[in-house]
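So this one's upload_4.txt, compact mmCIF, C-alpha atoms:
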# COMPACT_ATOMS: atom_id res chain seq x y z
CA MET A 8 -21.81 -21.48 -9.48
CA PRO A 9 -20.06 -22.75 -6.30
CA ALA A 10 -18.24 -20.17 -4.20
CA TRP A 11 -14.85 -21.79 -4.67
CA ARG A 12 -15.19 -21.54 -8.44
CA LYS A 13 -15.96 -17.84 -8.18
CA SER A 14 -12.91 -17.36 -5.96
CA TYR A 15 -10.54 -19.16 -8.28
CA SER A 16 -12.04 -17.36 -11.26
CA SER A 17 -11.18 -14.02 -9.66
CA MET A 18 -7.63 -15.27 -9.05
CA VAL A 19 -7.28 -16.32 -12.71
CA ILE A 20 -8.65 -12.99 -13.91
CA GLY A 21 -6.27 -11.12 -11.62
CA ALA A 22 -3.32 -13.21 -12.85
CA LEU A 23 -4.25 -12.50 -16.48
CA LEU A 24 -4.46 -8.77 -15.77
CA VAL A 25 -1.05 -8.83 -14.11
CA LEU A 26 0.44 -10.71 -17.08
CA ALA A 27 -1.10 -8.21 -19.53
CA LEU A 28 0.34 -5.26 -17.61
CA MET A 29 3.70 -6.98 -17.27
CA TRP A 30 3.72 -7.35 -21.04
CA LEU A 31 3.03 -3.62 -21.29
CA PHE A 32 5.91 -2.96 -18.87
CA SER A 33 8.22 -5.11 -21.00
CA LEU A 34 7.76 -2.86 -24.06
CA PRO A 35 10.23 -0.14 -22.97
CA VAL A 36 12.37 -2.51 -20.88
CA LYS A 37 13.05 -4.90 -23.76
CA ALA A 38 13.10 -2.26 -26.50
CA ARG A 39 16.22 -2.67 -28.64
CA TYR A 40 17.67 0.43 -30.28
CA PRO A 41 21.04 1.02 -32.00
CA ASP A 42 23.44 2.16 -29.27
CA LEU A 43 26.69 3.99 -30.10
CA ILE A 44 28.44 2.94 -26.88
CA VAL A 45 31.08 0.29 -27.54
CA GLU A 46 32.89 0.41 -24.18
CA ARG A 47 31.75 1.30 -20.66
CA ALA A 48 33.97 1.79 -17.61
CA TYR A 49 33.65 3.40 -14.18
CA PHE A 50 35.86 4.95 -11.50
CA GLU A 51 34.82 5.60 -7.89
CA ASP A 52 35.81 8.99 -6.46
CA PRO A 53 35.04 8.74 -2.71
CA ALA A 54 36.75 12.02 -1.82
CA GLY A 55 35.26 13.93 -4.77
CA LEU A 56 38.68 15.37 -5.75
CA GLN A 57 38.75 14.51 -9.45
CA ASP A 58 38.01 16.96 -12.26
CA ILE A 59 37.75 16.53 -16.00
CA HIS A 60 41.52 16.79 -16.45
CA SER A 61 42.73 14.58 -13.61
CA ILE A 62 40.12 11.89 -14.25
CA GLN A 63 41.65 11.08 -17.63
CA ARG A 64 44.77 9.72 -15.90
CA GLN A 65 42.82 7.33 -13.67
CA ARG A 66 42.37 3.62 -14.24
CA PHE A 67 38.72 2.71 -15.02
CA THR A 68 36.99 -0.64 -14.46
CA PRO A 69 34.96 -2.02 -17.39
CA TYR A 70 31.31 -2.94 -16.78
CA GLU A 71 28.20 -3.98 -18.69
CA GLY A 72 24.54 -3.15 -18.09
CA PRO A 73 23.15 -1.19 -15.12
CA LEU A 74 25.79 -0.24 -12.58
CA PHE A 75 24.94 -0.63 -8.87
CA HIS A 76 27.40 1.33 -6.76
CA GLY A 77 25.82 1.29 -3.32
CA ASN A 78 23.76 3.54 -1.09
CA ASP A 79 25.81 6.73 -0.92
CA ASN A 80 26.21 10.14 -2.49
CA ARG A 81 29.87 9.70 -3.47
CA PRO A 82 30.74 10.82 -7.01
CA LEU A 83 31.06 8.11 -9.62
CA TRP A 84 32.82 8.70 -12.93
CA LEU A 85 31.84 6.92 -16.13
CA ARG A 86 33.92 6.72 -19.27
CA LEU A 87 32.01 5.93 -22.45
CA THR A 88 33.56 5.19 -25.80
CA LEU A 89 31.27 5.92 -28.74
CA ALA A 90 31.49 4.48 -32.24
CA PRO A 91 31.87 6.94 -35.16
CA ALA A 92 28.55 8.28 -36.51
CA THR A 93 27.84 10.54 -39.48
CA SER A 94 24.53 11.77 -38.09
CA LYS A 95 24.66 14.45 -35.38
CA ASP A 96 21.16 13.83 -34.02
CA TRP A 97 22.13 11.71 -31.00
CA VAL A 98 21.07 11.78 -27.36
CA LEU A 99 22.92 10.50 -24.31
CA MET A 100 20.08 9.05 -22.22
CA PHE A 101 20.26 8.10 -18.54
CA GLN A 102 18.22 5.59 -16.64
CA PRO A 103 16.37 5.35 -14.33
CA ASN A 104 14.19 8.45 -14.56
CA PHE A 105 15.03 9.44 -10.98
CA LEU A 106 18.81 9.52 -11.49
CA HIS A 107 19.69 12.54 -9.36
CA TYR A 108 22.52 14.44 -11.01
CA ALA A 109 24.92 13.91 -13.90
CA GLN A 110 27.59 16.17 -15.43
CA VAL A 111 28.51 15.23 -18.99
CA TRP A 112 31.80 16.26 -20.63
CA SER A 113 32.37 15.89 -24.36
CA GLN A 114 34.88 17.51 -26.74
CA ASP A 115 34.02 19.92 -29.53
CA ALA A 116 35.75 20.06 -32.90
CA GLY A 117 38.60 22.13 -31.40
CA GLY A 118 39.29 19.68 -28.57
CA GLN A 119 37.70 21.80 -25.85
CA TRP A 120 35.71 20.05 -23.14
CA LEU A 121 32.06 21.07 -23.04
CA GLN A 122 29.84 20.44 -20.03
CA ASP A 123 26.12 19.69 -19.78
CA VAL A 124 24.04 18.66 -16.77
CA THR A 125 20.85 16.65 -16.27
CA GLY A 126 19.02 14.57 -13.68
CA SER A 127 16.08 14.89 -11.33
CA ARG A 128 17.91 17.57 -9.31
CA ILE A 129 17.73 19.87 -12.35
CA ALA A 130 14.46 21.72 -12.95
CA TYR A 131 12.52 20.21 -15.84
CA SER A 132 12.17 23.63 -17.50
CA GLN A 133 15.98 23.92 -17.59
CA ARG A 134 16.63 20.61 -19.33
CA HIS A 135 17.91 20.92 -22.87
CA VAL A 136 16.17 17.69 -23.90
CA LYS A 137 12.49 17.82 -22.87
CA SER A 138 11.83 14.22 -21.89
CA LEU A 139 10.90 12.40 -18.71
CA VAL A 140 14.10 10.38 -19.02
CA PRO A 141 17.16 12.55 -18.19
CA ALA A 142 19.12 13.14 -21.38
CA VAL A 143 21.56 15.52 -23.07
CA ALA A 144 22.36 16.06 -26.72
CA ILE A 145 25.64 14.54 -27.91
CA ALA A 146 27.63 14.97 -31.15
CA PRO A 147 29.97 12.00 -31.81
CA SER A 148 32.77 12.21 -34.32
CA ALA A 149 32.14 10.89 -37.82
CA LEU A 150 35.72 9.62 -38.27
CA THR A 151 37.06 8.32 -34.96
CA ARG A 152 35.76 7.00 -31.69
CA THR A 153 34.55 9.62 -29.20
CA THR A 154 35.24 9.54 -25.46
CA VAL A 155 32.69 10.98 -23.06
CA PHE A 156 33.18 11.41 -19.30
CA ILE A 157 30.26 11.58 -16.88
CA ARG A 158 30.33 12.50 -13.21
CA VAL A 159 27.28 11.00 -11.46
CA GLN A 160 25.89 11.62 -7.98
CA THR A 161 22.79 9.50 -7.44
CA PRO A 162 22.48 7.82 -4.04
CA THR A 163 20.57 4.53 -3.87
CA THR A 164 19.86 4.34 -7.59
CA PRO A 165 21.59 2.25 -10.26
CA VAL A 166 23.06 3.95 -13.32
CA HIS A 167 22.55 3.01 -16.94
CA VAL A 168 23.53 5.08 -19.97
CA ARG A 169 22.69 4.68 -23.64
CA VAL A 170 23.44 6.82 -26.69
CA LEU A 171 20.47 6.68 -29.08
CA ASN A 172 19.34 8.81 -31.96
CA ARG A 173 16.77 11.40 -30.97
CA GLN A 174 13.83 9.61 -32.60
CA ASN A 175 14.52 6.37 -30.71
CA SER A 176 14.99 8.23 -27.43
CA MET A 177 11.63 9.98 -27.89
CA GLU A 178 10.00 6.63 -28.70
CA PHE A 179 11.47 5.09 -25.55
CA ASP A 180 10.32 8.09 -23.52
CA ALA A 181 6.80 7.76 -24.93
CA LEU A 182 6.67 4.03 -24.12
CA LEU A 183 7.84 4.64 -20.57
CA SER A 184 5.31 7.44 -20.16
CA LEU A 185 2.57 5.10 -21.41
CA VAL A 186 3.56 2.40 -18.93
CA SER A 187 3.93 4.72 -15.96
CA GLY A 188 0.67 6.52 -16.77
CA SER A 189 -1.19 3.20 -17.05
CA PHE A 190 0.19 1.93 -13.76
CA ILE A 191 -0.58 5.21 -11.98
CA GLY A 192 -4.13 5.16 -13.39
CA ILE A 193 -4.66 1.58 -12.20
CA GLY A 194 -3.27 2.52 -8.79
CA LEU A 195 -5.75 5.39 -8.48
CA ILE A 196 -8.66 3.15 -9.48
CA LEU A 197 -7.68 0.50 -6.93
CA ALA A 198 -7.18 3.18 -4.27
CA MET A 199 -10.71 4.53 -4.87
CA PHE A 200 -12.10 0.98 -4.88
CA SER A 201 -10.43 0.25 -1.53
CA ALA A 202 -11.60 3.57 -0.10
CA LEU A 203 -15.21 2.85 -1.09
CA LEU A 204 -15.04 -0.61 0.48
CA TYR A 205 -13.60 0.92 3.65
CA VAL A 206 -16.52 3.38 3.81
CA ASN A 207 -19.01 0.53 3.38
CA THR A 208 -17.34 -2.06 5.62
CA ARG A 209 -15.33 0.09 8.07
CA ASP A 210 -12.61 -2.55 7.79
CA LEU A 211 -9.20 -1.06 8.62
CA LEU A 212 -7.57 -3.38 6.09
CA TRP A 213 -9.35 -1.63 3.22
CA GLY A 214 -8.45 1.79 4.65
CA ALA A 215 -4.78 0.85 4.94
CA ASP A 216 -4.85 -0.62 1.43
CA ALA A 217 -6.27 2.64 0.04
CA LEU A 218 -3.49 4.63 1.74
CA CYS A 219 -0.85 2.18 0.51
CA ASN A 220 -2.11 2.47 -3.07
CA LEU A 221 -2.09 6.26 -2.89
CA ALA A 222 1.46 6.23 -1.48
CA GLY A 223 2.53 3.93 -4.31
CA VAL A 224 0.97 6.27 -6.88
CA LEU A 225 2.82 9.22 -5.32
CA VAL A 226 6.16 7.37 -5.45
CA LEU A 227 5.63 6.37 -9.08
CA SER A 228 4.59 9.90 -10.07
CA LEU A 229 7.76 11.29 -8.52
CA GLN A 230 10.13 8.64 -9.82
CA MET A 231 8.79 8.53 -13.36
CA GLY A 232 9.10 12.31 -13.74
CA LEU A 233 5.41 13.15 -14.06
CA VAL A 234 5.54 15.54 -11.09
CA SER A 235 8.57 17.31 -12.58
CA ARG A 236 6.88 17.77 -15.93
CA LEU A 237 3.28 18.53 -14.92
CA ILE A 238 3.32 19.99 -11.38
CA LEU A 239 6.79 21.30 -10.45
CA PRO A 240 8.59 22.07 -13.74
CA ASP A 241 10.66 24.92 -12.22
CA SER A 242 11.73 23.23 -8.99
CA GLU A 243 15.35 22.32 -8.37
CA ASN A 244 15.99 19.34 -6.10
CA LEU A 245 12.50 19.63 -4.53
CA VAL A 246 11.30 16.53 -6.39
CA ASN A 247 14.32 14.62 -5.08
CA GLN A 248 13.51 15.60 -1.51
CA LEU A 249 9.85 14.69 -1.94
CA MET A 250 10.95 11.37 -3.41
CA LEU A 251 12.96 10.55 -0.30
CA TYR A 252 10.04 11.34 2.01
CA ALA A 253 7.65 9.40 -0.24
CA ASN A 254 9.85 6.28 -0.25
CA ALA A 255 10.14 6.31 3.55
CA GLY A 256 6.40 6.97 3.92
CA TYR A 257 5.51 4.18 1.51
CA LEU A 258 7.57 1.68 3.52
CA PHE A 259 5.82 2.85 6.71
CA VAL A 260 2.29 2.54 5.27
CA ALA A 261 3.12 -0.84 3.71
CA ALA A 262 4.42 -2.07 7.08
CA ILE A 263 1.13 -1.09 8.74
CA LEU A 264 -0.89 -2.80 6.02
CA HIS A 265 1.20 -5.97 6.19
CA ARG A 266 0.87 -6.07 9.97
CA LEU A 267 -2.91 -5.93 9.64
CA MET A 268 -2.82 -8.56 6.92
CA PHE A 269 -0.59 -10.90 8.93
CA SER A 270 -3.17 -10.91 11.73
CA MET A 271 -5.46 -12.96 9.48
CA PHE A 272 -3.05 -15.91 9.32
CA ALA A 273 -2.59 -16.98 12.94
CA LEU A 274 1.09 -16.01 13.10
CA PRO A 275 2.89 -16.11 16.48
CA ARG A 276 3.80 -12.85 18.21
CA TRP A 277 7.49 -13.13 17.38
CA ALA A 278 6.61 -13.02 13.68
CA TYR A 279 5.82 -9.29 14.01
CA LEU A 280 9.30 -8.40 15.29
CA LEU A 281 10.82 -7.13 12.05
CA ASN A 282 7.60 -5.38 11.11
CA THR A 283 7.76 -3.53 14.42
CA ILE A 284 11.39 -2.56 13.74
CA VAL A 285 10.35 -1.08 10.37
CA LEU A 286 7.62 0.97 12.03
CA MET A 287 9.99 2.21 14.74
CA ALA A 288 12.61 3.19 12.13
CA PHE A 289 10.23 5.57 10.38
CA PRO A 290 10.92 8.63 12.63
CA LEU A 291 14.67 8.01 12.20
CA LEU A 292 14.38 7.96 8.40
CA MET A 293 12.34 11.15 8.35
CA ALA A 294 14.84 12.90 10.66
CA LEU A 295 17.81 11.84 8.50
CA ILE A 296 16.11 13.19 5.38
CA PHE A 297 15.19 16.45 7.12
CA PHE A 298 18.78 17.06 8.29
CA GLY A 299 20.26 16.38 4.85
CA PHE A 300 21.28 12.73 5.12
CA GLY A 301 18.89 11.37 2.53
CA ASP A 302 21.45 8.88 1.20
CA LYS A 303 21.83 7.37 4.68
CA ALA A 304 18.07 7.24 5.08
CA MET A 305 17.64 5.39 1.80
CA ALA A 306 20.48 3.02 2.68
CA ILE A 307 18.59 2.08 5.87
CA ASN A 308 15.33 1.97 3.90
CA ASN A 309 16.74 -0.48 1.35
CA LEU A 310 18.36 -2.59 4.07
CA LEU A 311 15.00 -2.86 5.84
CA ILE A 312 13.40 -3.94 2.56
CA LEU A 313 16.04 -6.65 2.15
CA LEU A 314 15.63 -7.94 5.72
CA SER A 315 11.83 -7.78 5.53
CA SER A 316 11.92 -9.78 2.30
CA PHE A 317 13.96 -12.61 3.84
CA TRP A 318 11.72 -12.49 6.92
CA GLY A 319 8.66 -12.61 4.66
CA VAL A 320 9.65 -16.06 3.37
CA LEU A 321 9.40 -17.40 6.92
CA LEU A 322 6.06 -15.66 7.50
CA ALA A 323 4.57 -17.12 4.33
CA LEU A 324 5.61 -20.62 5.36
CA LYS A 325 4.30 -20.21 8.93
CA ALA A 326 0.93 -18.76 7.89
CA ARG A 327 -2.22 -20.75 8.71
CA HIS A 328 -5.87 -20.16 7.83
CA ARG A 329 -9.02 -22.28 7.78
CA ASP A 330 -9.79 -21.11 4.23
CA ARG A 331 -7.40 -22.92 1.88
CA TYR A 332 -7.99 -20.55 -1.02
CA LEU A 333 -7.03 -17.47 1.00
CA LEU A 334 -3.99 -19.22 2.45
CA ARG A 335 -2.73 -20.36 -0.97
CA VAL A 336 -3.23 -16.93 -2.53
CA PHE A 337 -1.29 -15.32 0.30
CA GLN A 338 1.54 -17.85 0.29
CA PHE A 339 2.18 -17.97 -3.46
CA SER A 340 1.73 -14.26 -4.11
CA TYR A 341 3.67 -13.12 -1.05
CA LEU A 342 6.53 -15.50 -1.78
CA GLY A 343 6.66 -14.14 -5.33
CA LEU A 344 6.69 -10.55 -4.06
CA VAL A 345 9.41 -11.04 -1.44
CA GLY A 346 11.44 -13.09 -3.92
CA TYR A 347 11.38 -10.16 -6.32
CA PHE A 348 12.42 -7.73 -3.59
CA ILE A 349 15.25 -10.04 -2.50
CA TRP A 350 16.55 -10.15 -6.07
CA TRP A 351 16.39 -6.35 -6.38
CA SER A 352 17.61 -5.31 -2.92
CA ILE A 353 20.64 -7.64 -3.01
CA ALA A 354 21.84 -5.78 -6.10
CA VAL A 355 21.21 -2.39 -4.45
CA VAL A 356 22.48 -3.08 -0.93
CA LEU A 357 25.36 -5.46 -1.72
CA GLN A 358 26.31 -3.88 -5.08
CA ARG A 359 25.77 -7.09 -7.02
CA GLN A 360 25.66 -6.25 -10.71
CA THR A 361 22.76 -7.46 -12.81
CA GLY A 362 22.07 -7.01 -16.49
CA ASN A 363 18.30 -7.11 -16.07
CA MET A 364 16.72 -3.78 -17.04
CA VAL A 365 13.76 -4.45 -14.73
CA ALA A 366 16.03 -3.53 -11.82
CA LEU A 367 16.07 0.07 -13.07
CA TYR A 368 12.36 0.53 -12.29
CA PRO A 369 11.59 -1.88 -9.43
CA ASN A 370 8.52 -0.02 -8.17
CA LEU A 371 6.54 -0.54 -11.37
CA PRO A 372 6.20 -4.35 -11.28
CA ALA A 373 6.39 -4.48 -7.47
CA SER A 374 3.58 -1.99 -6.91
CA LEU A 375 1.43 -3.67 -9.55
CA PHE A 376 1.95 -7.11 -8.05
CA THR A 377 1.31 -5.79 -4.54
CA MET A 378 -1.92 -4.06 -5.57
CA PHE A 379 -3.44 -7.16 -7.13
CA MET A 380 -2.16 -9.51 -4.42
CA LEU A 381 -3.75 -7.39 -1.70
CA LEU A 382 -6.92 -6.96 -3.74
CA LEU A 383 -7.40 -10.74 -4.04
CA ILE A 384 -6.58 -11.34 -0.37
CA LEU A 385 -8.81 -8.57 0.94
CA LEU A 386 -11.69 -9.47 -1.35
CA ARG A 387 -11.59 -13.04 -0.08
CA HIS A 388 -11.24 -11.82 3.50
CA THR A 389 -14.27 -9.56 3.07
CA GLN A 390 -16.20 -12.40 1.44
CA LEU A 391 -15.47 -14.65 4.42
CA LYS A 392 -16.49 -11.92 6.84
CA ALA A 393 -19.70 -11.40 4.90
CA ARG A 394 -20.40 -15.14 5.03
CA GLU A 395 -19.73 -15.18 8.76
CA ALA A 396 -22.00 -12.18 9.26
CA GLN A 397 -24.67 -13.89 7.15
CA ARG A 398 -24.31 -17.09 9.18
CA VAL A 399 -24.66 -15.15 12.42
CA ALA A 400 -27.66 -13.29 11.02
CA ILE A 401 -29.29 -16.59 10.02
CA GLN A 402 -28.60 -18.05 13.47
CA LYS A 403 -30.07 -14.94 15.07
CA ARG A 404 -33.11 -15.12 12.83
CA ASP A 405 -33.58 -18.82 13.60
CA ALA A 406 -33.17 -18.15 17.32
CA GLU A 407 -35.73 -15.34 17.17
CA ARG A 408 -38.12 -17.58 15.21
CA ASP A 409 -37.67 -20.41 17.74
CA LEU A 410 -38.26 -17.95 20.56
CA LEU A 411 -41.47 -16.67 18.97
CA GLU A 412 -42.60 -20.24 18.36
CA SER A 413 -41.87 -21.14 21.97
CA GLN A 414 -43.77 -18.07 23.16
CA ARG A 415 -46.73 -18.98 20.95
CA ARG A 416 -46.76 -22.54 22.24
CA HIS A 417 -46.45 -21.28 25.79
CA GLU A 418 -49.40 -18.96 25.28
CA GLU A 419 -51.46 -21.76 23.72
CA THR A 420 -50.58 -24.08 26.61
CA GLN A 421 -51.45 -21.39 29.12
CA GLY A 422 -54.80 -20.81 27.37
CA PHE A 423 -55.62 -24.52 27.29
CA LEU A 424 -54.71 -24.99 30.94
CA GLY A 425 -56.77 -21.94 31.84
CA MET A 426 -59.74 -23.37 29.99
CA VAL A 427 -59.32 -26.77 31.66
CA LEU A 428 -59.02 -25.18 35.06
CA HIS A 429 -62.11 -23.13 34.34
CA GLU A 430 -64.07 -26.18 33.30
CA VAL A 431 -62.85 -28.16 36.32
CA LYS A 432 -63.44 -25.28 38.67
CA ASN A 433 -67.26 -25.20 38.12
CA PRO A 434 -67.95 -28.87 39.03
CA LEU A 435 -65.71 -28.60 42.05
CA SER A 436 -67.62 -25.55 43.20
CA SER A 437 -70.91 -27.40 42.78
CA ILE A 438 -69.61 -30.39 44.70
CA ARG A 439 -68.37 -28.07 47.43
CA MET A 440 -71.79 -26.46 47.66
CA ILE A 441 -73.54 -29.84 47.78
CA VAL A 442 -71.16 -31.03 50.47
CA ALA A 443 -71.74 -27.86 52.45
CA ASN A 444 -75.52 -28.22 52.15
CA LEU A 445 -75.33 -31.82 53.25
CA GLU A 446 -73.25 -30.83 56.20
CA ASN A 447 -75.87 -28.24 57.14
CA THR A 448 -78.83 -30.58 56.77
CA LEU A 449 -77.37 -33.59 58.54
CA PRO A 450 -77.46 -32.09 62.04
CA ASN A 451 -81.08 -31.03 61.51
CA ALA A 452 -82.02 -34.65 60.66
CA ASP A 453 -80.63 -35.78 63.96

Hey, can you dump this file as structure tokens for me?
Amino acid sequence: MPAWRKSYSSMVIGALLVLALMWLFSLPVKARYPDLIVERAYFEDPAGLQDIHSIQRQRFTPYEGPLFHGNDNRPLWLRLTLAPATSKDWVLMFQPNFLHYAQVWSQDAGGQWLQDVTGSRIAYSQRHVKSLVPAVAIAPSALTRTTVFIRVQTPTTPVHVRVLNRQNSMEFDALLSLVSGSFIGIGLILAMFSALLYVNTRDLLWGADALCNLAGVLVLSLQMGLVSRLILPDSENLVNQLMLYANAGYLFVAAILHRLMFSMFALPRWAYLLNTIVLMAFPLLMALIFFGFGDKAMAINNLLILLSSFWGVLLALKARHRDRYLLRVFQFSYLGLVGYFIWWSIAVVLQRQTGNMVALYPNLPASLFTMFMLLLILLRHTQLKAREAQRVAIQKRDAERDLLESQRRHEETQGFLGMVLHEVKNPLSSIRMIVANLENTLPNAD
């Protein structure tokens, strides 16, 4: 089979795998369950002065779908109106999994306000509802609509709330666990594959790809709640802090990998400018997180993602390579990746509302797409390097063979000339002797 057919076959197989995993990701995202919420509204509390009594006098703004409220730690109040329900087995479920902190107020039968808390800041062992998705039990009225107030503090993450019966919430949690576990498992396999290729080839691209995959697995494990459930069930706010460091570290490792990858495509020096800025911002992000300004660090982090995505469109268009397959794979896949990040980061940075549930878990499809894009590019790059090494080896072998052949011919020529000289030397010696004898006898004859 020709090499180009093998290359395009690997691209088709990779695309089919990505589509299959995207279908798996769509199962929890597109899952439709009966939701008791009939009205949603929000109120921003920049000064953090409102309490459960004063907030009821404020004017709320209606909204639909996930709510993007910017990159800050300011409190945000939600007012949810629930439809009457005879069953009491309901759960108020938050998304995404890494929503930091939420205080939920609901009224009991006597009109008293009851408070419950959830979020990734709360230790998993202390959660009343044992699920990866933050949730609290809720008891709506069977006769009239129920009003619930929620005070949320979750910098850099969107907010989405649903009220589902407990069975549906557990089903959603199981689907999300299945998806996140599958993606993490694939990330570990690709990381080991890249590490093995780095050991065999000593190519820094494979080493950086292995580190990038491991960083992506760490971010997913933290964001999807697996670390809270399996490793640190009793920690309070530690997972949140680790998540901030992991996000900044992932951006740093990805910037290094992309810089190495860009070097394959004959880009001018100015094309690395924004990549250099991202690398130089890493110490600043880590310092901000360490001194307690994680929301500011993530605001800068998300802004850098937005700028890098716009810059990436220019890089993809300016890229050049002698191998058309490698160039096309890079251009189409990288344009798709940066397009996705532009769509997501505009909503996060500029607070543009979107009803697409994919925006709640951006790292799942982005990390998957990145892993397979880099795998195809690096495999082709390694294949080209192997071909070049094989071509050089063949040239070296041919040169050595020609040298040996020349040496053999030289030796044969030297042997033949030696034989000829030997054969010519004897008659000449005889002639010289005869001439000498004649010279000696001629004077005697006189």

Compile the contact shell of range 245-259 of chain A as a VMD selection string: residues with an atom at most 6 Å away, counting only C-alpha atoms, same-chain residues fewer than 6 positions apart removed. chain A and resid 222 226 286

Can you tell me, as a ChimeraX atom specification, what residues are no more than 8 Å from range 81-91 of chain A when counting only C-alpha atoms, ignoring any on the same chain fewer than 4 positions away? /A:43-55,67,147-160,162

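Among the candidates A:Ala278, A:Ile384, A:Val365, A:Ala198, the residue lying nearest to Gly319 in chain A is A:Ala278 (atoms considered: all atoms listed in the file).
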
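You can rank A:Thr389, A:Asn80, A:Ser127, A:Ser184 by their closest distance to Phe32 in chain A using only C-alpha atoms, and at the top of that list sits A:Ser184.
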
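The two atoms in question, CA of Thr93 in chain A and CA of Ile62 in chain A, are spaced 28.1 Å apart.
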
In the coordinates of the file, take the point (15.4, -1.2, -32.6) and a cut-off of 12 Å; then, counting all atoms listed in the file, name each qualifying protein, DNA or RNA residue as a PyMOL selection string. chain A and resi 34-35+37-42+171-172+174-176+178-179

Any idea what's packed within 10 Å of range 326-338 of chain A, counting all atoms listed in the file, ignoring anything in its chain fewer than 4 positions away? Could you give it as a PyMOL selection string? chain A and resi 11+14-15+18+268-275+278+319-322+342-344+380-381+383-388+391

The distance between CA of Asp123 in chain A and CA of Phe101 in chain A is 13.0 Å

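If you measure from each of A:Ala217, A:Ile238, A:Met231, A:Leu24 to Ser187 in chain A using all atoms listed in the file, the closest one turns out to be A:Met231.
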
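The set of protein, DNA and RNA residues with any counted atom at most 12 Å from (-4.5, 4.8, 7.4) (all atoms listed in the file) reads A:Ser201, A:Ala202, A:Tyr205, A:Arg209, A:Asp210, A:Leu211, A:Leu212, A:Trp213, A:Gly214, A:Ala215, A:Asp216, A:Ala217, A:Leu218, A:Cys219, A:Asn220, A:Leu221, A:Ala222, A:Gly256, A:Tyr257, A:Phe259, A:Val260, A:Ala261, A:Ala262, A:Ile263, A:Leu264, A:Leu267.
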
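Candidate residues A:Ala304, A:Trp318, A:Asp58, A:Phe200 were compared for distance to Tyr279 in chain A, and the nearest is A:Trp318, using all atoms listed in the file.
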
As an exercise, work out the distance from CA of Val168 in chain A to CA of Pro141 in chain A in Å and give it to one decimal place.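 About the pair CA of Val168 in chain A and CA of Pro141 in chain A: they are 10.0 Å apart.
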
So which one's closest to Leu382 in chain A, A:Ala130, A:Val356, A:Leu106, A:Leu204? Using only C-alpha atoms, please.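 Of all the options, A:Leu204 lies closest to Leu382 in chain A.
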
Write out as lines of an AutoDock Vina configuration file an axis-aligned box for range 173-180 of chain A: all of its atoms listed in the file, 3 Å added on each side, centre and edge lengths in Å with one decimal.
center_x = 13.4
center_y = 8.2
center_z = -28.1
size_x = 12.8
size_y = 12.3
size_z = 15.1

Just want the 8 Å neighbourhood of range 190-192 of chain A, counted on all atoms listed in the file, with same-chain residues fewer than 4 positions away dropped. Output as a ChimeraX atom specification. /A:186,196,224,227-228,371,375

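Minimum atom-to-atom distances from A:Leu237, A:Leu197, A:Ala294, A:Val285 to Gly223 in chain A were compared using only C-alpha atoms, and the lowest value belongs to A:Leu197.
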
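Close contacts of Trp120 in chain A, defined as residues with an atom at most 10 Å away when counting only C-alpha atoms, with chain neighbours fewer than 2 positions off set aside, comprise Ile59, His60, Val111, Trp112, Ser113, Gln114, Asp115, Ala116, Gly117, Gly118, Gln122, Val155 and Phe156 of chain A.
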